[in-house]
>>> print(open('target-v7.pdb').read())   # PDB, C-alpha atoms
ATOM      1  CA  MET R   1       0.000   0.000   0.000
ATOM      2  CA  TRP R   2       1.333   3.408  -0.895
ATOM      3  CA  ALA R   3       1.585   6.121   1.699
ATOM      4  CA  GLY R   4       0.076   8.458  -0.869
ATOM      5  CA  LEU R   5      -0.058   9.515  -4.492
ATOM      6  CA  ARG R   6       2.827  11.848  -5.224
ATOM      7  CA  ILE R   7       4.166  14.126  -7.955
ATOM      8  CA  PRO R   8       7.557  15.792  -8.406
ATOM      9  CA  GLN R   9       7.743  19.539  -7.964
ATOM     10  CA  ALA R  10       8.365  21.389 -11.227
ATOM     11  CA  ASP R  11      11.086  23.577  -9.716
ATOM     12  CA  SER R  12      12.938  20.862  -7.827
ATOM     13  CA  GLU R  13      14.951  17.721  -8.338
ATOM     14  CA  LEU R  14      13.096  14.727  -9.748
ATOM     15  CA  ASP R  15      13.332  12.817  -6.479
ATOM     16  CA  ASN R  16      11.652  15.588  -4.454
ATOM     17  CA  PHE R  17       7.992  14.543  -4.243
ATOM     18  CA  GLN R  18       4.870  16.097  -2.794
ATOM     19  CA  VAL R  19       2.260  13.878  -1.156
ATOM     20  CA  LEU R  20      -1.151  14.505  -2.712
ATOM     21  CA  VAL R  21      -3.359  12.121  -0.732
ATOM     22  CA  SER R  22      -2.702   9.483   1.905
ATOM     23  CA  GLY R  23      -3.912   5.951   2.441
ATOM     24  CA  ALA R  24      -4.591   5.057  -1.202
ATOM     25  CA  THR R  25      -3.694   1.781  -2.868
ATOM     26  CA  ASP R  26      -1.405   1.593  -5.905
ATOM     27  CA  ILE R  27      -4.463   1.251  -8.189
ATOM     28  CA  PHE R  28      -5.741   4.690  -9.115
ATOM     29  CA  HIS R  29      -7.057   6.842 -11.948
ATOM     30  CA  VAL R  30      -7.034  10.560 -12.770
ATOM     31  CA  SER R  31     -10.082  12.259 -14.313
ATOM     32  CA  ASP R  32     -12.199  15.417 -13.997
ATOM     33  CA  LEU R  33     -15.141  14.015 -12.045
ATOM     34  CA  ASP R  34     -16.836  17.270 -11.041
ATOM     35  CA  GLY R  35     -16.729  19.246 -14.290
ATOM     36  CA  ASP R  36     -14.401  22.021 -13.169
ATOM     37  CA  SER R  37     -11.677  21.230 -15.741
ATOM     38  CA  ASP R  38      -9.057  19.961 -13.332
ATOM     39  CA  ALA R  39      -7.779  16.471 -12.551
ATOM     40  CA  ASP R  40      -9.328  14.651  -9.602
ATOM     41  CA  LEU R  41      -8.084  11.335  -8.188
ATOM     42  CA  VAL R  42      -9.870   7.993  -7.772
ATOM     43  CA  SER R  43      -8.519   5.092  -5.730
ATOM     44  CA  VAL R  44      -9.380   2.647  -2.945
ATOM     45  CA  ILE R  45      -8.988   3.023   0.816
ATOM     46  CA  GLY R  46      -9.586  -0.235   2.627
ATOM     47  CA  ASP R  47     -12.755  -1.683   1.115
ATOM     48  CA  THR R  48     -14.129   1.604  -0.250
ATOM     49  CA  LEU R  49     -13.781   3.230  -3.665
ATOM     50  CA  VAL R  50     -13.222   6.947  -3.135
ATOM     51  CA  TRP R  51     -12.317  10.124  -4.989
ATOM     52  CA  TRP R  52     -10.500  13.294  -4.005
ATOM     53  CA  GLU R  53     -11.512  16.662  -5.443
ATOM     54  CA  ASN R  54      -8.744  18.830  -6.849
ATOM     55  CA  LEU R  55      -9.599  22.036  -5.005
ATOM     56  CA  ASP R  56      -7.331  24.535  -6.692
ATOM     57  CA  GLY R  57      -6.442  23.060 -10.076
ATOM     58  CA  ALA R  58      -2.946  22.349  -8.791
ATOM     59  CA  THR R  59      -1.953  20.049  -5.920
ATOM     60  CA  ASP R  60      -4.427  20.821  -3.131
ATOM     61  CA  PHE R  61      -6.874  17.915  -2.706
ATOM     62  CA  GLY R  62      -9.883  17.637  -0.431
ATOM     63  CA  GLU R  63     -10.995  14.818   1.833
ATOM     64  CA  PRO R  64     -11.857  11.412   0.308
ATOM     65  CA  GLN R  65     -15.462  11.136  -0.882
ATOM     66  CA  THR R  66     -17.125   7.731  -1.100
ATOM     67  CA  ILE R  67     -18.147   6.313  -4.471
ATOM     68  CA  GLY R  68     -19.070   2.792  -3.337
ATOM     69  CA  PRO R  69     -17.933  -0.372  -1.565
ATOM     70  CA  GLU R  70     -15.253  -2.626  -3.026
ATOM     71  CA  ASN R  71     -14.007  -5.971  -1.782
ATOM     72  CA  GLY R  72     -10.319  -5.805  -2.635
ATOM     73  CA  THR R  73     -10.535  -7.439  -6.045
ATOM     74  CA  ILE R  74     -10.001  -4.340  -8.216
ATOM     75  CA  ARG R  75      -7.136  -4.550 -10.690
ATOM     76  CA  ARG R  76      -7.923  -1.413 -12.708
ATOM     77  CA  ILE R  77      -9.889   1.828 -12.395
ATOM     78  CA  THR R  78     -10.891   3.961 -15.366
ATOM     79  CA  THR R  79     -13.581   6.426 -16.462
ATOM     80  CA  ALA R  80     -15.852   6.864 -19.490
ATOM     81  CA  ASP R  81     -19.198   8.475 -20.275
ATOM     82  CA  LEU R  82     -21.291   5.300 -20.413
ATOM     83  CA  ASP R  83     -24.744   6.888 -20.172
ATOM     84  CA  GLY R  84     -24.337   9.733 -22.670
ATOM     85  CA  ASP R  85     -24.810  12.656 -20.285
ATOM     86  CA  ASN R  86     -21.375  14.195 -20.896
ATOM     87  CA  ASP R  87     -19.806  13.366 -17.554
ATOM     88  CA  PRO R  88     -17.477  10.488 -16.653
ATOM     89  CA  GLU R  89     -18.635   7.370 -14.868
ATOM     90  CA  VAL R  90     -16.151   5.471 -12.696
ATOM     91  CA  ILE R  91     -15.471   1.904 -13.857
ATOM     92  CA  THR R  92     -13.779  -0.810 -11.815
ATOM     93  CA  VAL R  93     -12.293  -3.867 -13.515
ATOM     94  CA  ALA R  94     -12.026  -6.842 -11.171
ATOM     95  CA  ASN R  95     -10.345 -10.207 -11.144
ATOM     96  CA  MET R  96     -12.257 -13.366 -12.085
ATOM     97  CA  SER R  97     -13.872 -13.793  -8.670
ATOM     98  CA  ALA R  98     -15.870 -10.551  -8.753
ATOM     99  CA  ASN R  99     -18.089  -8.380 -10.923
ATOM    100  CA  HIS R 100     -16.896  -5.616 -13.207
ATOM    101  CA  LYS R 101     -18.850  -2.513 -12.244
ATOM    102  CA  TRP R 102     -19.546   1.089 -13.137
ATOM    103  CA  TYR R 103     -20.850   3.900 -10.959
ATOM    104  CA  GLU R 104     -23.024   6.598 -12.514
ATOM    105  CA  ASN R 105     -21.924  10.212 -12.066
ATOM    106  CA  LEU R 106     -25.423  11.450 -11.247
ATOM    107  CA  ASP R 107     -25.070  15.182 -11.742
ATOM    108  CA  GLY R 108     -21.631  15.776 -13.255
ATOM    109  CA  THR R 109     -20.265  17.060  -9.957
ATOM    110  CA  GLY R 110     -19.010  13.802  -8.480
ATOM    111  CA  ASN R 111     -22.124  12.464  -6.758
ATOM    112  CA  PHE R 112     -22.302   8.762  -7.620
ATOM    113  CA  GLY R 113     -25.143   6.266  -7.689
ATOM    114  CA  ALA R 114     -25.215   2.566  -6.960
ATOM    115  CA  ALA R 115     -23.032   0.122  -8.878
ATOM    116  CA  HIS R 116     -24.111  -1.284 -12.250
ATOM    117  CA  TYR R 117     -22.660  -4.628 -13.361
ATOM    118  CA  PHE R 118     -21.566  -5.395 -16.914
ATOM    119  CA  LEU R 119     -19.637  -8.698 -16.748
ATOM    120  CA  GLU R 120     -20.456 -11.655 -14.535
ATOM    121  CA  PRO R 121     -18.012 -13.294 -12.103
ATOM    122  CA  GLY R 122     -15.889 -15.905 -13.823
ATOM    123  CA  THR R 123     -15.565 -13.867 -17.012
ATOM    124  CA  ASN R 124     -11.859 -13.322 -17.449
ATOM    125  CA  GLY R 125     -12.096 -10.207 -19.586
ATOM    126  CA  VAL R 126      -8.599  -9.165 -20.618
ATOM    127  CA  GLY R 127      -7.718  -5.613 -21.615
ATOM    128  CA  LEU R 128     -11.216  -4.150 -21.353
ATOM    129  CA  GLN R 129     -11.537  -1.100 -23.613
ATOM    130  CA  PHE R 130     -14.335   1.454 -23.618
ATOM    131  CA  THR R 131     -14.954   2.966 -27.043
ATOM    132  CA  ASP R 132     -17.659   3.383 -29.710
ATOM    133  CA  LEU R 133     -17.165   0.311 -31.881
ATOM    134  CA  ASP R 134     -20.419   0.396 -33.840
ATOM    135  CA  GLY R 135     -20.593   4.081 -34.750
ATOM    136  CA  ASP R 136     -23.793   4.885 -32.855
ATOM    137  CA  GLN R 137     -22.215   7.610 -30.699
ATOM    138  CA  ASP R 138     -22.173   5.697 -27.430
ATOM    139  CA  ILE R 139     -19.497   3.814 -25.519
ATOM    140  CA  ASP R 140     -19.307   0.040 -25.928
ATOM    141  CA  VAL R 141     -17.080  -2.433 -24.103
ATOM    142  CA  VAL R 142     -14.645  -4.702 -25.927
ATOM    143  CA  PHE R 143     -12.471  -7.344 -24.323
ATOM    144  CA  ALA R 144     -10.454 -10.456 -25.018
ATOM    145  CA  GLN R 145     -11.412 -13.779 -23.510
ATOM    146  CA  ALA R 146      -9.113 -16.683 -24.304
ATOM    147  CA  ALA R 147      -8.817 -16.612 -28.127
ATOM    148  CA  ASN R 148     -11.954 -14.536 -28.729
ATOM    149  CA  LEU R 149     -12.549 -10.809 -29.016
ATOM    150  CA  SER R 150     -15.978  -9.920 -27.676
ATOM    151  CA  ILE R 151     -18.104  -6.799 -27.457
ATOM    152  CA  LEU R 152     -20.776  -5.640 -25.037
ATOM    153  CA  GLU R 153     -22.943  -3.285 -27.075
ATOM    154  CA  ASN R 154     -24.328  -0.229 -25.300
ATOM    155  CA  VAL R 155     -27.825  -0.916 -26.581
ATOM    156  CA  ASP R 156     -29.537   2.319 -25.576
ATOM    157  CA  GLY R 157     -26.701   4.790 -25.008
ATOM    158  CA  ALA R 158     -27.566   4.816 -21.307
ATOM    159  CA  GLY R 159     -25.169   2.131 -20.132
ATOM    160  CA  ASN R 160     -27.356  -0.928 -20.588
ATOM    161  CA  PHE R 161     -25.191  -3.544 -22.260
ATOM    162  CA  SER R 162     -25.892  -6.618 -24.359
ATOM    163  CA  ASN R 163     -24.611 -10.080 -23.580
ATOM    164  CA  PRO R 164     -21.093 -10.704 -24.904
ATOM    165  CA  LEU R 165     -20.977 -10.988 -28.699
ATOM    166  CA  ASN R 166     -17.947 -12.632 -30.307
ATOM    167  CA  ILE R 167     -16.576 -10.440 -33.091
ATOM    168  CA  CYS R 168     -13.253 -12.100 -33.908
ATOM    169  CA  PHE R 169     -11.330 -15.314 -33.313
ATOM    170  CA  LEU R 170      -7.630 -14.990 -32.574
ATOM    171  CA  HIS R 171      -4.991 -17.552 -33.466
ATOM    172  CA  ASN R 172      -3.663 -17.488 -29.902
ATOM    173  CA  THR R 173      -4.818 -16.475 -26.458
ATOM    174  CA  ALA R 174      -4.690 -12.694 -26.098
ATOM    175  CA  ASP R 175      -2.603 -11.228 -23.285
ATOM    176  CA  ASP R 176      -3.900  -7.663 -23.633
ATOM    177  CA  LEU R 177      -6.017  -5.433 -25.857
ATOM    178  CA  ARG R 178      -5.990  -1.836 -27.082
ATOM    179  CA  ALA R 179      -8.481   0.176 -29.139
ATOM    180  CA  VAL R 180      -6.806   2.846 -31.298
ATOM    181  CA  ASP R 181      -7.257   4.296 -34.766
ATOM    182  CA  ILE R 182      -4.218   2.788 -36.504
ATOM    183  CA  ASN R 183      -5.157   3.617 -40.103
ATOM    184  CA  ASN R 184      -6.524   7.142 -39.528
ATOM    185  CA  ASP R 185     -10.024   6.430 -40.824
ATOM    186  CA  GLY R 186     -11.736   7.813 -37.742
ATOM    187  CA  LEU R 187     -12.702   4.344 -36.477
ATOM    188  CA  PRO R 188     -11.178   2.393 -33.578
ATOM    189  CA  ASP R 189      -9.043  -0.592 -34.555
ATOM    190  CA  LEU R 190      -8.287  -3.365 -32.089
ATOM    191  CA  ILE R 191      -4.763  -4.528 -31.337
ATOM    192  CA  ALA R 192      -4.287  -7.772 -29.440
ATOM    193  CA  PRO R 193      -0.786  -9.053 -28.686
ATOM    194  CA  ALA R 194      -1.063 -12.814 -28.471
ATOM    195  CA  ASN R 195       1.840 -15.052 -27.501
ATOM    196  CA  ASN R 196       4.625 -12.946 -29.027
ATOM    197  CA  SER R 197       2.645 -11.930 -32.128
ATOM    198  CA  THR R 198       0.462  -8.887 -32.697
ATOM    199  CA  GLN R 199      -2.840  -9.071 -34.538
ATOM    200  CA  GLU R 200      -4.977  -6.173 -35.770
TER     201      GLU R 200
END
>>> encode(input="target-v7.pdb", output="structure tokens")
Amino acid sequence: MWAGLRIPQADSELDNFQVLVSGATDIFHVSDLDGDSDADLVSVIGDTLVWWENLDGATDFGEPQTIGPENGTIRRITTADLDGDNDPEVITVANMSANHKWYENLDGTGNFGAAHYFLEPGTNGVGLQFTDLDGDQDIDVVFAQAANLSILENVDGAGNFSNPLNICFLHNTADDLRAVDINNDGLPDLIAPANNSTQE
């Protein structure tokens, strides 16, 4: 467990750090959760997912604010606008023994609702990416599972997702996944490194 999340001071040596918040785990994410155009922090303290407001747009952070309970199985935190209301939801990606969840940003100012689940326990989703894969202007979920690439379609633009749909079979088991526009056509391509080879 880290003592805190830290950054180097711009006018000092690289090894001179400032503590931003204390008590957080080493799994964290940075995003503007309250719509004031500065970077807030999200992490876990104990068994609770929390966020810290960036009070001054620099390095002064407020007290931790609760998003929801977590049971210690988080391996990644990220954000995306899953319900189409132009503010970021907080997404937690878990290990195989727990649910993958997202918490709705209710008003764009960092007040969060109850958890929504989008993958069942036992689904070993590797490299989950959140991007618009079908061109309907909402955020879908794509992930690798064994030698398959699968998508959860955001069916209504409000964060209600379909069951997993297989979209591609890989020659080998994928170790990771990235969604990026490789060929500059304005559409996300999927890159999956699989056992020392890379497939697009």
>>> atom_distance(input="target-v7.pdb", atom1="atom CA of R:Leu33", atom2="atom CA of R:Asp176")
27.0 Å
>>> atom_distance(input="target-v7.pdb", atom1="atom CA of R:Asp47", atom2="atom CA of R:Thr78")
17.5 Å
>>> resolve_selection(input="target-v7.pdb", expression="the PyMOL selection byres ((chain R and resi 153) around 7)", output="PyMOL selection string")
chain R and resi 140-141+151-152+154-155+161-162
>>> closest_residue(input="target-v7.pdb", among="R:Leu170, R:Val44, R:Ile139, R:Ile27", to="R:Glu89", atoms="all atoms listed in the file")
R:Ile139
>>> resolve_selection(input="target-v7.pdb", expression="the PyMOL selection byres ((chain R and resi 38) around 9)", output="number ranges by chain")
R: 31-37, 39-40, 53-58
>>> residues_near_point(input="target-v7.pdb", point="(-2.7, -2.2, -32.1)", cutoff="10 Å", atoms="all atoms listed in the file", output="MDAnalysis selection string")
chainID R and resid 177:182 188:193 198:200
>>> resolve_selection(input="target-v7.pdb", expression="the PyMOL selection byres ((chain R and resi 138) around 8)", output="PyMOL selection string")
chain R and resi 82-84+131-132+135-137+139-140+154+157
>>> atom_distance(input="target-v7.pdb", atom1="atom CA of R:Ala24", atom2="atom CA of R:Ile67")
14.0 Å
>>> residues_around(input="target-v7.pdb", residues="R:Tyr103", least_positions_apart="3", cutoff="6 Å", atoms="all atoms listed in the file", output="short mmCIF file (atom, residue, chain, number, x, y, z; two decimals) with C-alpha atoms, in the frame of the given file")
data_model
loop_
_atom_site.label_atom_id
_atom_site.label_comp_id
_atom_site.auth_asym_id
_atom_site.auth_seq_id
_atom_site.Cartn_x
_atom_site.Cartn_y
_atom_site.Cartn_z
CA GLU R 89 -18.64 7.37 -14.87
CA VAL R 90 -16.15 5.47 -12.70
CA GLY R 113 -25.14 6.27 -7.69
CA ALA R 115 -23.03 0.12 -8.88
#
>>> closest_residue(input="target-v7.pdb", among="R:Asn160, R:Asn86, R:Gln129, R:Ser43", to="R:Gly23", atoms="all atoms listed in the file")
R:Ser43
>>> closest_residue(input="target-v7.pdb", among="R:Thr66, R:Ser22, R:Asn105, R:Asn95", to="R:Thr79", atoms="all atoms listed in the file")
R:Asn105
>>> closest_residue(input="target-v7.pdb", among="R:Leu106, R:Leu119, R:Ile77, R:Cys168", to="R:Val30", atoms="all atoms listed in the file")
R:Ile77
>>> closest_residue(input="target-v7.pdb", among="R:His29, R:His100, R:His116, R:Arg76", to="R:Trp51", atoms="all atoms listed in the file")
R:His29
>>> residues_around(input="target-v7.pdb", residues="R:Thr123", least_positions_apart="3", cutoff="12 Å", atoms="all atoms listed in the file", output="list in words")
Val93, Ala94, Asn95, Met96, Ser97, Ala98, Asn99, His100, Phe118, Leu119, Glu120, Val126, Leu128, Phe143, Ala144, Gln145, Ala146, Ser150, Asn163 and Pro164 of chain R
>>> decode(input="target-v7.pdb", residues="stretch 32-45 of chain R", atoms="N, CA and C atoms", output="short mmCIF file (atom, residue, chain, number, x, y, z; two decimals), in the first residue's frame")
data_model
loop_
_atom_site.label_atom_id
_atom_site.label_comp_id
_atom_site.auth_asym_id
_atom_site.auth_seq_id
_atom_site.Cartn_x
_atom_site.Cartn_y
_atom_site.Cartn_z
N ASP R 32 -11.39 14.31 -14.50
CA ASP R 32 -12.20 15.42 -14.00
C ASP R 32 -13.60 14.89 -13.69
N LEU R 33 -13.87 14.61 -12.43
CA LEU R 33 -15.14 14.02 -12.05
C LEU R 33 -16.22 15.03 -11.74
N ASP R 34 -15.84 16.28 -11.47
CA ASP R 34 -16.84 17.27 -11.04
C ASP R 34 -17.02 18.41 -12.03
N GLY R 35 -16.45 18.29 -13.22
CA GLY R 35 -16.73 19.25 -14.29
C GLY R 35 -16.11 20.61 -14.13
N ASP R 36 -15.04 20.71 -13.35
CA ASP R 36 -14.40 22.02 -13.17
C ASP R 36 -13.07 22.12 -13.91
N SER R 37 -12.83 21.18 -14.82
CA SER R 37 -11.68 21.23 -15.74
C SER R 37 -10.34 21.02 -15.06
N ASP R 38 -10.34 20.36 -13.90
CA ASP R 38 -9.06 19.96 -13.33
C ASP R 38 -9.09 18.47 -12.99
N ALA R 39 -7.93 17.91 -12.71
CA ALA R 39 -7.78 16.47 -12.55
C ALA R 39 -8.01 16.05 -11.11
N ASP R 40 -9.05 15.25 -10.90
CA ASP R 40 -9.33 14.65 -9.60
C ASP R 40 -8.73 13.24 -9.55
N LEU R 41 -8.68 12.65 -8.38
CA LEU R 41 -8.08 11.34 -8.19
C LEU R 41 -9.13 10.34 -7.72
N VAL R 42 -9.02 9.10 -8.21
CA VAL R 42 -9.87 7.99 -7.77
C VAL R 42 -8.97 6.85 -7.33
N SER R 43 -9.28 6.25 -6.19
CA SER R 43 -8.52 5.09 -5.73
C SER R 43 -9.36 4.34 -4.70
N VAL R 44 -8.71 3.46 -3.95
CA VAL R 44 -9.38 2.65 -2.94
C VAL R 44 -8.68 2.85 -1.60
N ILE R 45 -9.48 3.03 -0.56
CA ILE R 45 -8.99 3.02 0.82
C ILE R 45 -9.72 1.90 1.53
#
